[in-house]
Amino acid sequence: MGNLHPVADSLVRAADLPWIPQGSANVWFKPLRISPHTGSWVNLLKVARSGVVSRHRHLSEVEGWVIQGRWHYEEHDWQAELGSYVYEPPGDVHTLVADVTDEEPMLTLFAIHGPIEYVTESGDVAYVETAETKLKRYEDHCRENGIAAQPIVF
């Protein structure tokens, strides 16, 4: 078991964290935990009407739990809805589309266990999201908006 460092119990109050623009219109994330040490992070994803998370490939597994609304992947024939658990294996490529027909946005809790490559239609890598880039985006947003960063790195 080697280099394991015990971590104390931690409590993160989601209400104390800001929604941060994800990059696409009508898409935001709220980081609950980021671990640069393991390369993983957990966040809430919010997608409002007409919101799309651009085509991407996971290099490690991802787990999701839908807590409000519905969404689907353009590349798959199923729809995730309230209460659904979604498992995404390494290498899966997809484009998330929120199926929002009312005023409530889609909310899903995602646990991401490694980098995400955002890819073009031709398959070229346009951008790589990692625990470090996610943390930087959070810290930059807090600094630019005069928000105290919460202790989410553990």
# chains A, B, ... in the order shown; residues from 1 in each chain; ligands from 1
call {"tool": "select_by_dssp", "arguments": {"residues": "segment 8-65 of chain A", "states": "strand (DSSP E)", "output": "ChimeraX atom specification"}}
result
/A:20-21,27-35,40-47,52-58,62-65
call {"tool": "residues_around", "arguments": {"residues": "Glu129 of chain A", "least_positions_apart": "2", "cutoff": "10 Å", "atoms": "only C-alpha atoms", "output": "JSON, numbers by chain"}}
result
{"A": [56, 58, 114, 115, 116, 117, 118, 127, 131, 132, 133, 134]}
call {"tool": "residues_around", "arguments": {"residues": "Val97 of chain A", "least_positions_apart": "6", "cutoff": "8 Å", "atoms": "only C-alpha atoms", "output": "VMD selection string"}}
result
chain A and resid 50 to 53 71 to 74
call {"tool": "closest_residue", "arguments": {"among": "A:Leu59, A:Leu109, A:Ala148, A:Val7", "to": "Pro89 of chain A", "atoms": "only C-alpha atoms"}}
result
A:Leu59
call {"tool": "residues_around", "arguments": {"residues": "Gly64 of chain A", "least_positions_apart": "5", "cutoff": "7 Å", "atoms": "only C-alpha atoms", "output": "list in words"}}
result
Tyr85, Val86, Tyr87, Thr108, Leu109, Phe110 and Ala111 of chain A
call {"tool": "write_last_selection", "arguments": {"atoms": "all heavy atoms", "output": "PDB file, in the first residue's frame"}}
result
ATOM      1  N   TYR A  85     -27.987   6.386 -12.666  1.00  0.00           N
ATOM      2  CA  TYR A  85     -26.541   6.273 -12.467  1.00  0.00           C
ATOM      3  C   TYR A  85     -25.933   5.966 -13.827  1.00  0.00           C
ATOM      4  O   TYR A  85     -26.430   5.093 -14.548  1.00  0.00           O
ATOM      5  CB  TYR A  85     -26.224   5.151 -11.478  1.00  0.00           C
ATOM      6  CG  TYR A  85     -24.763   4.769 -11.444  1.00  0.00           C
ATOM      7  CD1 TYR A  85     -23.850   5.522 -10.723  1.00  0.00           C
ATOM      8  CD2 TYR A  85     -24.303   3.659 -12.135  1.00  0.00           C
ATOM      9  CE1 TYR A  85     -22.499   5.176 -10.694  1.00  0.00           C
ATOM     10  CE2 TYR A  85     -22.964   3.303 -12.109  1.00  0.00           C
ATOM     11  CZ  TYR A  85     -22.065   4.072 -11.381  1.00  0.00           C
ATOM     12  OH  TYR A  85     -20.734   3.721 -11.367  1.00  0.00           O
ATOM     13  N   VAL A  86     -24.887   6.691 -14.182  1.00  0.00           N
ATOM     14  CA  VAL A  86     -24.232   6.500 -15.476  1.00  0.00           C
ATOM     15  C   VAL A  86     -22.774   6.139 -15.239  1.00  0.00           C
ATOM     16  O   VAL A  86     -22.080   6.822 -14.472  1.00  0.00           O
ATOM     17  CB  VAL A  86     -24.321   7.787 -16.330  1.00  0.00           C
ATOM     18  CG1 VAL A  86     -23.566   7.623 -17.639  1.00  0.00           C
ATOM     19  CG2 VAL A  86     -25.777   8.168 -16.586  1.00  0.00           C
ATOM     20  N   TYR A  87     -22.323   5.082 -15.885  1.00  0.00           N
ATOM     21  CA  TYR A  87     -20.915   4.689 -15.862  1.00  0.00           C
ATOM     22  C   TYR A  87     -20.355   4.867 -17.265  1.00  0.00           C
ATOM     23  O   TYR A  87     -20.963   4.419 -18.240  1.00  0.00           O
ATOM     24  CB  TYR A  87     -20.752   3.223 -15.432  1.00  0.00           C
ATOM     25  CG  TYR A  87     -19.321   2.751 -15.577  1.00  0.00           C
ATOM     26  CD1 TYR A  87     -18.370   3.080 -14.616  1.00  0.00           C
ATOM     27  CD2 TYR A  87     -18.922   2.010 -16.676  1.00  0.00           C
ATOM     28  CE1 TYR A  87     -17.055   2.676 -14.753  1.00  0.00           C
ATOM     29  CE2 TYR A  87     -17.608   1.592 -16.817  1.00  0.00           C
ATOM     30  CZ  TYR A  87     -16.678   1.934 -15.856  1.00  0.00           C
ATOM     31  OH  TYR A  87     -15.376   1.539 -15.998  1.00  0.00           O
ATOM     32  N   THR A 108     -26.197  17.088 -12.556  1.00  0.00           N
ATOM     33  CA  THR A 108     -25.653  15.749 -12.385  1.00  0.00           C
ATOM     34  C   THR A 108     -24.374  15.837 -11.569  1.00  0.00           C
ATOM     35  O   THR A 108     -23.557  16.728 -11.786  1.00  0.00           O
ATOM     36  CB  THR A 108     -25.380  15.084 -13.751  1.00  0.00           C
ATOM     37  OG1 THR A 108     -26.599  14.980 -14.469  1.00  0.00           O
ATOM     38  CG2 THR A 108     -24.774  13.700 -13.583  1.00  0.00           C
ATOM     39  N   LEU A 109     -24.225  14.920 -10.627  1.00  0.00           N
ATOM     40  CA  LEU A 109     -23.005  14.793  -9.842  1.00  0.00           C
ATOM     41  C   LEU A 109     -22.086  13.845 -10.603  1.00  0.00           C
ATOM     42  O   LEU A 109     -22.459  12.703 -10.875  1.00  0.00           O
ATOM     43  CB  LEU A 109     -23.318  14.225  -8.459  1.00  0.00           C
ATOM     44  CG  LEU A 109     -22.127  13.942  -7.568  1.00  0.00           C
ATOM     45  CD1 LEU A 109     -21.449  15.238  -7.146  1.00  0.00           C
ATOM     46  CD2 LEU A 109     -22.558  13.139  -6.348  1.00  0.00           C
ATOM     47  N   PHE A 110     -20.897  14.324 -10.973  1.00  0.00           N
ATOM     48  CA  PHE A 110     -19.932  13.507 -11.698  1.00  0.00           C
ATOM     49  C   PHE A 110     -18.678  13.301 -10.867  1.00  0.00           C
ATOM     50  O   PHE A 110     -18.166  14.250 -10.256  1.00  0.00           O
ATOM     51  CB  PHE A 110     -19.520  14.174 -13.021  1.00  0.00           C
ATOM     52  CG  PHE A 110     -20.486  13.976 -14.137  1.00  0.00           C
ATOM     53  CD1 PHE A 110     -21.286  15.023 -14.569  1.00  0.00           C
ATOM     54  CD2 PHE A 110     -20.595  12.748 -14.773  1.00  0.00           C
ATOM     55  CE1 PHE A 110     -22.177  14.855 -15.620  1.00  0.00           C
ATOM     56  CE2 PHE A 110     -21.492  12.569 -15.820  1.00  0.00           C
ATOM     57  CZ  PHE A 110     -22.279  13.620 -16.241  1.00  0.00           C
ATOM     58  N   ALA A 111     -18.173  12.071 -10.869  1.00  0.00           N
ATOM     59  CA  ALA A 111     -16.869  11.732 -10.303  1.00  0.00           C
ATOM     60  C   ALA A 111     -15.985  11.351 -11.488  1.00  0.00           C
ATOM     61  O   ALA A 111     -16.245  10.344 -12.164  1.00  0.00           O
ATOM     62  CB  ALA A 111     -16.977  10.587  -9.312  1.00  0.00           C
TER      63      ALA A 111
END
call {"tool": "closest_residue", "arguments": {"among": "A:Pro21, A:Glu75, A:Ile112, A:Glu103", "to": "Pro90 of chain A", "atoms": "only C-alpha atoms"}}
result
A:Ile112
